[in-house]
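Q: Can you read through this structure? Questions will come right after.
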Amino acid sequence: MTTLQRKLWRELGQSKGQALAIAAVVASGVAIFVMALSTLNFLRETRDTYYERYRLGDAFASLNRAPVSIIPRLESIEGVAVVQTRVVADVTLDVPGLVEPATGRIISLPAGEPKLNRVYLRQGRFPDPMRPDEVVASEGFVLANHLQLGDAVKAVLNGRLQELRIVGSALSPEYVFQIRAGDLLPDQRRFGVFWMSDRQLESAFDMRGGFNDVSIQMLRGAKPKEIIDDLDRILKPYGCVGSYLREDQLSASFLDDEISQLEGMAVVAPVIFLGVAAFLLNVVLSRRIGTQREIIATLKAFGYGNVEVGWHYLSAALYVTLAGAAVGAGLGTYLASGLAKLYSEFYKFPVFEYRPDWRVLFIGIGISLLAAALGSLRAVREATKLTPAEAMRPAAPSRYRKSIAELLGLSWMLPLPARMILRQLQRRPFSSLFSVIGIASAVAVLLMGNFSPDAIGYLLDFQFTTAQRQDVQVAFEKVTSAAALFDLKHLPGVESVEPFRSMGVRMKYAYHEERTAIIGLGPNRDLFRLLDASERPIRIPPSGVVLSDALAKKLHVGLGDTVIVEVLDGTRAIYELNVSGLAREYTGLNAYCDLDFLHQLLDEGDSLSGAFISVDAAHSQALYRELKRLPAVGSVAVKQATINQFEETISENLLKFQAVNIVFAAIIAIGVVYNTARVSLDERSRELSTMRVIGFTRTEVAVLLLGELALLTIIAIPLGWLIGYSFCYSMVQGFESQQFRIPLVINPRSFGLSAIVTVVAALASGLLVRRQLDRLNLVEVLKSRE
């Protein structure tokens, strides 16, 4: 080892506490970067490979019924490469061991391999076209209900109760994220996808020679909007409620949103951590160079050049950073494997085994070293600029002056220690500012970590307690007469029933357009309530329409505006409706109106699409048994089952993320506070020792040093709240999608927790510095030169 290398390692050993604190901050930043980016790349590559290999369609459309004779017209659309038609039907299921009714989506399978949306058979075999009861079930549904090959579930197919025997389990690129439309969370136990021979499914639903679902694959360079317009034009007479692209397909949309979240995490968190590390390295190196002016002069006098001296001090920062980055890379790989395992519970791929991405590891280490070099650049330049003659002279003494508070005439309010603390902070304004920003970053990270549980908790409470107070929601297989309401009221355990009618529409305002649904609600709305931004019930007028706030935002409309509504079924009538209210909603893009008014618009009698039901819990099981067998019922959603599913899957994972987040935030706080205090102690050791000699107690001296940290922490906490809230707002805006939106809600408890954790971390750092302060050798310190 050279002389400079021995000096370097000796000094690192003497300042190992500061080095460890900085390395821990670097490790945290690199760990989050590696976790997010490697998982992102892995998830994206797995998705793209799956979509390509199993030929997920580029565009989709659902309709009532169209003859197969129009398929050549679809294939002739410019830019269309492949057309796949099929029959799709939602049915009510009676699953062994499951009390509540489940919902199944049955999809027809051709005799050969499908052109698009191919099925990956995990085990078993495909259905025999000659056997009407055989199906392949989605793997998630089979596992969640502990079913085996050969087991059977009962389903109501087109009004007839039929037993479906499971002969295989499978996956599909259409249902990577298996969630029922309108649900907040996936429930693989109560929603399953089934594939049946097209011959048998067409026969069961009287669809011979027809289809009600179409998927297409586009040629490279095709114009998606023009293709969608042509699809809508051709399928319009057959009840098509609007074609849509892959990016709007339910499963693909949720997966794309998750990838976007990982992209944000891979940028924001590492910037915070590595920015803090760069600041700490600058502070520590500046202090070290300031105390080693004579050493630098001696080195240069003995022939060491500027490059050698500069590299000597820069390498100290790089070694610390490299050690932290190496630990962070390993930790990030471990966290990424855990995150991939968590994703495997929700996203179903044929192969989903995490493999470390070495490119990401090297990029993470490289970025951390770059951040360290940039953070150290200013201090290293100071070392290289010093000439031997100048370095031999002591640095110019600091200028002491009254603090701003004293200049404002407030000195009478401040005790002597407080005035000394304020003067010291004002003497180093930039260092104090960056210390505040560093501590505020810890507060912000904590607040962001607690935001998700707060938002989801509020969302569940709003959705299932405040707005939607029904116990069960029933959707009929087809639009039916009001007589069905009478049948529902007389089912066991039913306390009250509120009907609704749903109709697909295209809504326009100026140059903006959205496909959505208008839901007609009856006069009694105690179970399904529309609430405004203040959570007050909205009165639906006899005419006009109430829009969800998200739909109004997309259409750029407000109260009193007039929207054009085109009915996407039946007559295709067009109406102009006044926007009479805006409802707060976090799922879907819906519009609402009075039930009788909707009947008038559609020129129909008292027809219904479904109902909201309040149930006596003592008779709920009897009700579920009846609903499973009613031929008119298409699907049943049980509110308590959704809440239980959340508690079983999401809440435990949120607690894990919170714990990791607290650890990372504490590392930032400790790193900033400890290094700030340690540098201050090094700079003021002679001053503090002098105070001890002239009669100040250890406690009085500690108050001066640690008081600075306390004041910096107090200032940083509200700033951290502001930064954290701003990041949460950005997350809400970035995550907003057509299916799901996150409310910007942060509980007071989260603000308090972020402050408490930061204060505890600061106290721990302060105690470590106080211990070093008490151990100062007064004689040795006073013998040293200024």
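Following the order of the structure tokens, chains are lettered A, B, ..., residues in each are numbered from 1, and ligands are numbered from 1.
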Taking the DSSP assignment computed from this structure's backbone, write out as a PyMOL selection string all residues of region 468-683 of chain A that belong to strand (DSSP E).
A: chain A and resi 472-481+494-509+512-521+545-548+562-567+574-583+590-594+607-615+633-638
Q: Near Asp357 (chain A), counting only C-alpha atoms, which residues have an atom at most 10 Å away, once you skip same-chain residues fewer than 4 positions from it, shown as a list in words?
A: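 Neighbouring residues, sequence-local ones excluded: Val34, Leu37, Ser38, Thr39, Asn41, Phe42, Thr333, Leu361 and Phe362 of chain A.
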Q: Using only C-alpha atoms, which protein or nucleic acid residues come within 12 Å of region 548-554 of chain A? Drop anything in the same chain fewer than 6 positions from it, and give the result as JSON, numbers by chain.
A: {"A": [506, 507, 508, 509, 510, 511, 512, 513, 514, 515, 516, 517, 518, 519, 530, 531, 532, 533, 538, 560, 561, 562, 563, 579, 580, 581, 582, 583, 584, 585, 586, 587, 588, 589, 590, 591, 592, 593, 733, 736, 737, 738, 739, 740, 741, 742, 743]}
Q: Show which residues sit within 9 Å of Leu43 (chain A), as a VMD selection string. Count only C-alpha atoms, and ignore same-chain residues fewer than 3 positions away.
A: chain A and resid 38 to 40 46 to 48 259 340 352 354
Q: Restricting it to all heavy atoms, dump the selection as a PDB file, in the first residue's frame.
A:
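Final output, result_34.pdb:
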```pdb
ATOM      1  N   SER A  38     -35.350  -3.831 -11.529  1.00  0.00           N
ATOM      2  CA  SER A  38     -35.221  -5.234 -11.955  1.00  0.00           C
ATOM      3  C   SER A  38     -36.589  -5.909 -11.995  1.00  0.00           C
ATOM      4  O   SER A  38     -36.870  -6.701 -12.907  1.00  0.00           O
ATOM      5  CB  SER A  38     -34.274  -5.995 -11.028  1.00  0.00           C
ATOM      6  OG  SER A  38     -34.718  -5.954  -9.690  1.00  0.00           O
ATOM      7  N   THR A  39     -37.454  -5.586 -11.023  1.00  0.00           N
ATOM      8  CA  THR A  39     -38.813  -6.137 -11.065  1.00  0.00           C
ATOM      9  C   THR A  39     -39.575  -5.586 -12.258  1.00  0.00           C
ATOM     10  O   THR A  39     -40.334  -6.303 -12.913  1.00  0.00           O
ATOM     11  CB  THR A  39     -39.574  -5.810  -9.771  1.00  0.00           C
ATOM     12  OG1 THR A  39     -38.814  -6.246  -8.648  1.00  0.00           O
ATOM     13  CG2 THR A  39     -40.929  -6.503  -9.746  1.00  0.00           C
ATOM     14  N   LEU A  40     -39.369  -4.297 -12.538  1.00  0.00           N
ATOM     15  CA  LEU A  40     -40.016  -3.676 -13.687  1.00  0.00           C
ATOM     16  C   LEU A  40     -39.603  -4.366 -14.985  1.00  0.00           C
ATOM     17  O   LEU A  40     -40.461  -4.750 -15.800  1.00  0.00           O
ATOM     18  CB  LEU A  40     -39.644  -2.194 -13.736  1.00  0.00           C
ATOM     19  CG  LEU A  40     -39.972  -1.421 -15.016  1.00  0.00           C
ATOM     20  CD1 LEU A  40     -41.478  -1.338 -15.204  1.00  0.00           C
ATOM     21  CD2 LEU A  40     -39.349  -0.033 -14.981  1.00  0.00           C
ATOM     22  N   THR A  46     -41.703 -10.409 -19.092  1.00  0.00           N
ATOM     23  CA  THR A  46     -42.600 -11.557 -18.952  1.00  0.00           C
ATOM     24  C   THR A  46     -43.936 -11.275 -19.624  1.00  0.00           C
ATOM     25  O   THR A  46     -44.495 -12.131 -20.329  1.00  0.00           O
ATOM     26  CB  THR A  46     -42.814 -11.882 -17.466  1.00  0.00           C
ATOM     27  OG1 THR A  46     -41.558 -12.118 -16.836  1.00  0.00           O
ATOM     28  CG2 THR A  46     -43.683 -13.117 -17.306  1.00  0.00           C
ATOM     29  N   ARG A  47     -44.454 -10.063 -19.409  1.00  0.00           N
ATOM     30  CA  ARG A  47     -45.727  -9.684 -20.035  1.00  0.00           C
ATOM     31  C   ARG A  47     -45.624  -9.698 -21.548  1.00  0.00           C
ATOM     32  O   ARG A  47     -46.471 -10.301 -22.236  1.00  0.00           O
ATOM     33  CB  ARG A  47     -46.123  -8.287 -19.562  1.00  0.00           C
ATOM     34  CG  ARG A  47     -47.394  -7.745 -20.205  1.00  0.00           C
ATOM     35  CD  ARG A  47     -47.470  -6.230 -20.114  1.00  0.00           C
ATOM     36  NE  ARG A  47     -46.392  -5.598 -20.860  1.00  0.00           N
ATOM     37  CZ  ARG A  47     -46.225  -4.269 -20.933  1.00  0.00           C
ATOM     38  NH1 ARG A  47     -47.041  -3.474 -20.271  1.00  0.00           N
ATOM     39  NH2 ARG A  47     -45.229  -3.761 -21.636  1.00  0.00           N
ATOM     40  N   ASP A  48     -44.597  -9.051 -22.101  1.00  0.00           N
ATOM     41  CA  ASP A  48     -44.478  -8.948 -23.554  1.00  0.00           C
ATOM     42  C   ASP A  48     -44.296 -10.316 -24.202  1.00  0.00           C
ATOM     43  O   ASP A  48     -44.885 -10.603 -25.256  1.00  0.00           O
ATOM     44  CB  ASP A  48     -43.300  -8.035 -23.916  1.00  0.00           C
ATOM     45  CG  ASP A  48     -43.539  -6.588 -23.500  1.00  0.00           C
ATOM     46  OD1 ASP A  48     -44.701  -6.241 -23.207  1.00  0.00           O
ATOM     47  OD2 ASP A  48     -42.565  -5.818 -23.443  1.00  0.00           O
ATOM     48  N   ILE A 259     -46.915  -1.382 -13.779  1.00  0.00           N
ATOM     49  CA  ILE A 259     -45.609  -1.109 -14.379  1.00  0.00           C
ATOM     50  C   ILE A 259     -45.284   0.377 -14.281  1.00  0.00           C
ATOM     51  O   ILE A 259     -44.136   0.761 -14.004  1.00  0.00           O
ATOM     52  CB  ILE A 259     -45.592  -1.609 -15.837  1.00  0.00           C
ATOM     53  CG1 ILE A 259     -45.551  -3.150 -15.861  1.00  0.00           C
ATOM     54  CG2 ILE A 259     -44.411  -1.042 -16.606  1.00  0.00           C
ATOM     55  CD1 ILE A 259     -45.666  -3.757 -17.236  1.00  0.00           C
ATOM     56  N   ALA A 340     -41.539 -10.032  -6.504  1.00  0.00           N
ATOM     57  CA  ALA A 340     -41.996 -10.915  -7.586  1.00  0.00           C
ATOM     58  C   ALA A 340     -42.891 -12.021  -7.042  1.00  0.00           C
ATOM     59  O   ALA A 340     -43.895 -12.390  -7.665  1.00  0.00           O
ATOM     60  CB  ALA A 340     -40.796 -11.514  -8.311  1.00  0.00           C
ATOM     61  N   PHE A 352     -43.175 -17.539 -13.964  1.00  0.00           N
ATOM     62  CA  PHE A 352     -42.986 -16.264 -13.261  1.00  0.00           C
ATOM     63  C   PHE A 352     -41.962 -16.460 -12.154  1.00  0.00           C
ATOM     64  O   PHE A 352     -42.241 -16.352 -10.977  1.00  0.00           O
ATOM     65  CB  PHE A 352     -44.317 -15.788 -12.681  1.00  0.00           C
ATOM     66  CG  PHE A 352     -44.325 -14.310 -12.349  1.00  0.00           C
ATOM     67  CD1 PHE A 352     -44.284 -13.371 -13.353  1.00  0.00           C
ATOM     68  CD2 PHE A 352     -44.391 -13.876 -11.048  1.00  0.00           C
ATOM     69  CE1 PHE A 352     -44.301 -12.016 -13.070  1.00  0.00           C
ATOM     70  CE2 PHE A 352     -44.406 -12.533 -10.744  1.00  0.00           C
ATOM     71  CZ  PHE A 352     -44.361 -11.596 -11.757  1.00  0.00           C
ATOM     72  N   TYR A 354     -38.437 -15.108 -10.726  1.00  0.00           N
ATOM     73  CA  TYR A 354     -37.567 -13.933 -10.803  1.00  0.00           C
ATOM     74  C   TYR A 354     -36.122 -14.331 -11.048  1.00  0.00           C
ATOM     75  O   TYR A 354     -35.601 -15.262 -10.432  1.00  0.00           O
ATOM     76  CB  TYR A 354     -37.665 -13.133  -9.505  1.00  0.00           C
ATOM     77  CG  TYR A 354     -36.655 -11.996  -9.437  1.00  0.00           C
ATOM     78  CD1 TYR A 354     -36.836 -10.846 -10.187  1.00  0.00           C
ATOM     79  CD2 TYR A 354     -35.516 -12.107  -8.645  1.00  0.00           C
ATOM     80  CE1 TYR A 354     -35.915  -9.818 -10.150  1.00  0.00           C
ATOM     81  CE2 TYR A 354     -34.587 -11.076  -8.589  1.00  0.00           C
ATOM     82  CZ  TYR A 354     -34.797  -9.940  -9.351  1.00  0.00           C
ATOM     83  OH  TYR A 354     -33.880  -8.930  -9.312  1.00  0.00           O
TER      84      TYR A 354
END
```
Q: Show me, as an mmCIF file with C-alpha atoms, in the first residue's frame, the residues that have an atom within 7 Å of region 277-282 of chain A when counting only C-alpha atoms, minus same-chain residues fewer than 3 positions from it.
A:
```
data_model
loop_
_atom_site.group_PDB
_atom_site.id
_atom_site.type_symbol
_atom_site.label_atom_id
_atom_site.label_comp_id
_atom_site.auth_asym_id
_atom_site.auth_seq_id
_atom_site.Cartn_x
_atom_site.Cartn_y
_atom_site.Cartn_z
ATOM 1 C CA ILE A 22 -23.448 7.273 4.606
ATOM 2 C CA VAL A 25 -28.121 5.691 2.984
ATOM 3 C CA VAL A 26 -26.448 4.666 -0.294
ATOM 4 C CA PHE A 273 -31.557 8.616 -1.046
ATOM 5 C CA LEU A 274 -28.604 9.263 -3.356
ATOM 6 C CA LEU A 285 -15.184 15.750 2.901
ATOM 7 C CA SER A 286 -15.350 19.527 3.231
ATOM 8 C CA ALA A 317 -16.059 8.920 -0.917
ATOM 9 C CA ALA A 371 -23.774 10.684 -7.300
ATOM 10 C CA ALA A 372 -20.868 10.329 -4.862
ATOM 11 C CA GLY A 375 -21.387 15.325 -4.287
ATOM 12 C CA SER A 376 -17.675 15.289 -3.528
ATOM 13 C CA ALA A 379 -14.791 19.598 -1.695
ATOM 14 C CA VAL A 672 -28.280 13.112 8.180
ATOM 15 C CA ASN A 675 -23.245 13.273 10.263
#
```
Q: Just give me the gap between CA of Asp151 (chain A) and CA of Val474 (chain A) in Å, one decimal is fine.
A: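 Taking CA of Asp151 (chain A) and CA of Val474 (chain A), their separation equals 26.6 Å.
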Q: Using the chain letters and numbers from this document, which residues of region 243-481 of chain A does DSSP assign to helix (DSSP H, G or I), as a ChimeraX atom specification?
A: /A:246-248,250-291,293-301,306-344,358-385,388-392,404-407,411-413,416-427,429-467
